[in-house]
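A short worksheet on the structure shown next.
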Amino acid sequence: MKKLVLITLALAAFLWNISPACADDAKDMEGITKALNLYTEAAVKGDSKIAEPAFAPKATMSYAEKGKLVTVPISELFAYYDKTGPHNATYKIETVKVAGDVAVVSIDSKFGDTSFDDMFTLVKDGDDWKIVSKVYHIK
């Protein structure tokens, strides 16, 4: 049974592109996925209050507009959720790199009819993972 668990964890690590060396990998993925689920659920329901626990208070969002870097407080994303209301939203985790108490995650997401490449930087805060920055590219 123990061998099956190790093989399963190794396979999950390969699929998520994380190192199987740490026994806490599954718990880390659970915490990271929880933050991403809150981010997406907030869009689905059009309610920023759902996403707030997933983000650090001073988190930022960055993107390029007409070839120029734009960085805004995450409160602008929250305002967008509240202003536009519910969306059909989905995401798929592409890569996860965990290094101790920090992580970088890349996802493919779709909000309404628009598809995105989203990338997040997260930091472990106690038992929770908090998104400290979001960058995105519209496909």
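By order in the structure tokens, chains are A, B, ...; within a chain, residues start at 1; ligands start at 1, following the order shown.
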Extract, using only C-alpha atoms, all DNA, RNA and protein residues at most 7 Å from range 83-99 of chain A, discarding same-chain residues fewer than 6 positions from it, and format them as a PyMOL selection string. chain A and resi 16-18+40+43-46+105-112
Spatial neighbours of Val102 in chain A, max dist 10 Å, only C-alpha atoms, sep filter under 2 positions, as a list of chain:residue names: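 Those residues are A:Asp28, A:Lys97, A:Val98, A:Ala99, A:Gly100, A:Val104, A:Thr121, A:Leu122, A:Val123, A:Lys124, A:Asp125, A:Trp129, A:Lys130, A:Ile131.
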So which residues of range 3-131 of chain A fall under strand (DSSP E or B) by DSSP, listed as a ChimeraX atom specification? /A:55-65,68-73,89-99,102-111,114-125,128-131
Tyr136 in chain A: which residues within 7 Å, counting only C-alpha atoms, same-chain residues fewer than 5 positions away excluded, as a PyMOL selection string? chain A and resi 62-63+116-119
